[in-house]
Amino acid sequence: MRLRQQFLTKNDCYRAGNTIRPKGVMVHSTGANNPKVCRYVPGDDELGRNTGGNHWNQPGKFCVHAFIGKFADGKVGTVQTLPWNRLAWHCGSGKKGSANGTHISFEICEDRLTDPAYFQAVYQEAVELTAMLCREYGLDPLADGVVLCHAEGHKRGVASNHGDVLHWWPKFGKTMDNFRADVARTMKGEDEMSYEQFKAYMEQYRKELAALPAPKWAEDTGEWDQAHKAGIIADKSRPQDLVTRAEAAAMIVRAK
């Protein structure tokens, strides 16, 4: 987990100064296609900087305890925006009251909801953050009502009618039951990686390899350019990506 603090000291939740005794954690997602945390905080060189003036460090805004999303370097992390025991206005209320007074909250910054690599990164960050909070406050993530998403909070009558995160996570085969189990496993120190996680990490790794330029030795010798001109490689894209068996066979045949 990558955790930074940037308290929103001008937000009404912070300024009110009311506190809670945390009894659970509620997971939200932003409902907007912007995966950068600096959309919601003023930011800095590491977090990225908010240039639109639409961050939440100002009066008249609701607030959560943290945001998960991309930092300035494009990698995922968590920025804590309120003390964990500060009363936040994050879920509204339902017919049985409000989880504002009982649950720590965080928002996951949404993208287009189609990128498995981004989803896996923020999901894992959320697992680790929730595990940390459950350890700190002696919470059992598998106990009834302790770890909820906003949609579950509404169903239980303690939050307003929102669908997050159940409009997103099932697209990638994850439920809140999966999440609670992953949090519990992380708290026990188990690092088992699922097949879905492996595929997402592998896809991200392939993307990173494909974006790398040709190595200096290949440019210096001219071999990369020669291979393209000779038709051994179809184009000069992804010079440092992995080679499939089919591609290797094609290159061997073409080189004869």
# chains A, B, ... in the order shown; residues from 1 in each chain; ligands from 1

call {"tool": "residues_around", "arguments": {"residues": "A:Asp140", "least_positions_apart": "6", "cutoff": "9 Å", "atoms": "only C-alpha atoms", "output": "list of chain:residue names"}}
result
A:Gly24, A:Cys134, A:Val146, A:Val147, A:Ala184

call {"tool": "write_last_selection", "arguments": {"atoms": "C-alpha atoms", "output": "mmCIF file, in the first residue's frame"}}
result
data_model
loop_
_atom_site.group_PDB
_atom_site.id
_atom_site.type_symbol
_atom_site.label_atom_id
_atom_site.label_comp_id
_atom_site.auth_asym_id
_atom_site.auth_seq_id
_atom_site.Cartn_x
_atom_site.Cartn_y
_atom_site.Cartn_z
ATOM 1 C CA GLY A 24 -16.553 -0.467 10.281
ATOM 2 C CA CYS A 134 -9.420 -3.216 10.646
ATOM 3 C CA VAL A 146 -18.359 -4.215 9.441
ATOM 4 C CA VAL A 147 -17.075 -3.878 5.853
ATOM 5 C CA ALA A 184 -9.344 -11.148 6.153
#

call {"tool": "select_by_dssp", "arguments": {"residues": "stretch 1-237 of chain A", "states": "strand (DSSP E)", "output": "VMD selection string"}}
result
chain A and resid 3 to 5 24 to 29 43 to 44 48 to 49 66 to 70 76 to 80 103 to 108 147 to 149

call {"tool": "closest_residue", "arguments": {"among": "A:Asn18, A:Thr30, A:Asn11, A:Thr78", "to": "A:Leu47", "atoms": "only C-alpha atoms"}}
result
A:Thr78

call {"tool": "closest_residue", "arguments": {"among": "A:Trp217, A:Tyr205, A:Trp168, A:Phe7", "to": "A:Asn57", "atoms": "only C-alpha atoms"}}
result
A:Phe7

call {"tool": "closest_residue", "arguments": {"among": "A:Val25, A:Cys109, A:Leu166, A:Leu8", "to": "A:Leu139", "atoms": "only C-alpha atoms"}}
result
A:Val25

call {"tool": "residues_around", "arguments": {"residues": "A:Trp89", "least_positions_apart": "5", "cutoff": "12 Å", "atoms": "only C-alpha atoms", "output": "list in words"}}
result
Asn11, Asp12, Cys13, Tyr14, Ala16, Asn18, Thr19, Ile20, Met26, Gly60, Lys61, Phe62, Cys63, Val64, His65, Leu82, Ser98, Ala99, Asn100, Gly101, Thr102, His103, Ile104, Ser105, Phe106, Ala159 and Ser160 of chain A

call {"tool": "residues_around", "arguments": {"residues": "stretch 222-233 of chain A", "least_positions_apart": "2", "cutoff": "10 Å", "atoms": "only C-alpha atoms", "output": "list of chain:residue names"}}
result
A:Ala214, A:Pro215, A:Lys216, A:Trp217, A:Ala218, A:Glu219, A:Asp220, A:Asp235, A:Lys236, A:Ser237, A:Pro239, A:Glu247, A:Ala248, A:Ala250, A:Met251, A:Ile252, A:Val253, A:Arg254, A:Ala255, A:Lys256

call {"tool": "write_last_selection", "arguments": {"atoms": "N, CA, C and O atoms", "output": "mmCIF file, in the first residue's frame"}}
result
data_model
loop_
_atom_site.group_PDB
_atom_site.id
_atom_site.type_symbol
_atom_site.label_atom_id
_atom_site.label_comp_id
_atom_site.auth_asym_id
_atom_site.auth_seq_id
_atom_site.Cartn_x
_atom_site.Cartn_y
_atom_site.Cartn_z
ATOM 1 N N ALA A 214 13.371 0.588 -28.330
ATOM 2 C CA ALA A 214 14.367 -0.435 -28.627
ATOM 3 C C ALA A 214 15.608 -0.211 -27.767
ATOM 4 O O ALA A 214 16.003 0.944 -27.527
ATOM 5 N N PRO A 215 16.241 -1.271 -27.264
ATOM 6 C CA PRO A 215 17.448 -1.094 -26.448
ATOM 7 C C PRO A 215 18.576 -0.448 -27.247
ATOM 8 O O PRO A 215 18.633 -0.572 -28.483
ATOM 9 N N LYS A 216 19.446 0.234 -26.540
ATOM 10 C CA LYS A 216 20.510 0.998 -27.200
ATOM 11 C C LYS A 216 21.389 0.123 -28.089
ATOM 12 O O LYS A 216 21.786 0.513 -29.187
ATOM 13 N N TRP A 217 21.697 -1.109 -27.615
ATOM 14 C CA TRP A 217 22.580 -1.961 -28.415
ATOM 15 C C TRP A 217 21.959 -2.292 -29.772
ATOM 16 O O TRP A 217 22.658 -2.364 -30.791
ATOM 17 N N ALA A 218 20.617 -2.475 -29.809
ATOM 18 C CA ALA A 218 19.956 -2.798 -31.064
ATOM 19 C C ALA A 218 19.956 -1.606 -32.011
ATOM 20 O O ALA A 218 20.037 -1.768 -33.235
ATOM 21 N N GLU A 219 19.842 -0.408 -31.456
ATOM 22 C CA GLU A 219 19.917 0.793 -32.280
ATOM 23 C C GLU A 219 21.341 1.027 -32.770
ATOM 24 O O GLU A 219 21.562 1.384 -33.934
ATOM 25 N N ASP A 220 22.334 0.831 -31.878
ATOM 26 C CA ASP A 220 23.729 1.074 -32.250
ATOM 27 C C ASP A 220 24.194 0.143 -33.359
ATOM 28 O O ASP A 220 24.926 0.554 -34.273
ATOM 29 N N ASP A 235 6.644 -4.857 -38.151
ATOM 30 C CA ASP A 235 6.744 -3.431 -37.860
ATOM 31 C C ASP A 235 7.731 -3.254 -36.713
ATOM 32 O O ASP A 235 8.264 -4.229 -36.183
ATOM 33 N N LYS A 236 7.970 -2.027 -36.322
ATOM 34 C CA LYS A 236 8.978 -1.741 -35.297
ATOM 35 C C LYS A 236 8.342 -1.397 -33.947
ATOM 36 O O LYS A 236 8.967 -0.759 -33.104
ATOM 37 N N SER A 237 7.109 -1.854 -33.746
ATOM 38 C CA SER A 237 6.452 -1.601 -32.463
ATOM 39 C C SER A 237 6.906 -2.617 -31.421
ATOM 40 O O SER A 237 7.455 -3.666 -31.758
ATOM 41 N N PRO A 239 9.402 -3.231 -29.241
ATOM 42 C CA PRO A 239 10.679 -3.939 -29.400
ATOM 43 C C PRO A 239 11.119 -4.753 -28.185
ATOM 44 O O PRO A 239 11.929 -5.670 -28.318
ATOM 45 N N GLU A 247 5.086 -15.855 -33.341
ATOM 46 C CA GLU A 247 5.944 -14.786 -33.831
ATOM 47 C C GLU A 247 7.368 -15.282 -34.057
ATOM 48 O O GLU A 247 8.010 -14.927 -35.059
ATOM 49 N N ALA A 248 7.863 -16.087 -33.132
ATOM 50 C CA ALA A 248 9.216 -16.630 -33.286
ATOM 51 C C ALA A 248 9.321 -17.491 -34.545
ATOM 52 O O ALA A 248 10.293 -17.404 -35.301
ATOM 53 N N ALA A 250 7.469 -17.296 -37.238
ATOM 54 C CA ALA A 250 7.376 -16.427 -38.419
ATOM 55 C C ALA A 250 8.704 -15.753 -38.711
ATOM 56 O O ALA A 250 9.134 -15.645 -39.867
ATOM 57 N N MET A 251 9.387 -15.275 -37.674
ATOM 58 C CA MET A 251 10.666 -14.593 -37.865
ATOM 59 C C MET A 251 11.728 -15.556 -38.398
ATOM 60 O O MET A 251 12.541 -15.202 -39.249
ATOM 61 N N ILE A 252 11.711 -16.805 -37.916
ATOM 62 C CA ILE A 252 12.666 -17.794 -38.399
ATOM 63 C C ILE A 252 12.448 -18.078 -39.886
ATOM 64 O O ILE A 252 13.385 -18.115 -40.687
ATOM 65 N N VAL A 253 11.190 -18.262 -40.265
ATOM 66 C CA VAL A 253 10.863 -18.523 -41.666
ATOM 67 C C VAL A 253 11.253 -17.358 -42.558
ATOM 68 O O VAL A 253 11.837 -17.542 -43.628
ATOM 69 N N ARG A 254 10.951 -16.142 -42.108
ATOM 70 C CA ARG A 254 11.250 -14.967 -42.912
ATOM 71 C C ARG A 254 12.748 -14.743 -43.070
ATOM 72 O O ARG A 254 13.208 -14.158 -44.054
ATOM 73 N N ALA A 255 13.536 -15.169 -42.078
ATOM 74 C CA ALA A 255 14.987 -14.935 -42.116
ATOM 75 C C ALA A 255 15.719 -15.894 -43.053
ATOM 76 O O ALA A 255 16.893 -15.682 -43.359
ATOM 77 N N LYS A 256 15.055 -16.968 -43.499
ATOM 78 C CA LYS A 256 15.723 -17.948 -44.364
ATOM 79 C C LYS A 256 15.980 -17.351 -45.747
ATOM 80 O O LYS A 256 15.209 -16.605 -46.291
#

call {"tool": "closest_residue", "arguments": {"among": "A:Trp84, A:Tyr123, A:Phe172, A:Phe179", "to": "A:Glu136", "atoms": "only C-alpha atoms"}}
result
A:Trp84

call {"tool": "atom_distance", "arguments": {"atom1": "atom CA of A:Thr51", "atom2": "atom CA of A:Ala121"}}
result
25.2 Å

call {"tool": "atom_distance", "arguments": {"atom1": "atom CA of A:His150", "atom2": "atom CA of A:Val27"}}
result
6.3 Å

call {"tool": "closest_residue", "arguments": {"among": "A:Pro213, A:Gly31, A:Pro141, A:Gly163", "to": "A:Met187", "atoms": "only C-alpha atoms"}}
result
A:Pro141

call {"tool": "atom_distance", "arguments": {"atom1": "atom CA of A:Gly48", "atom2": "atom CA of A:Ala126"}}
result
20.0 Å
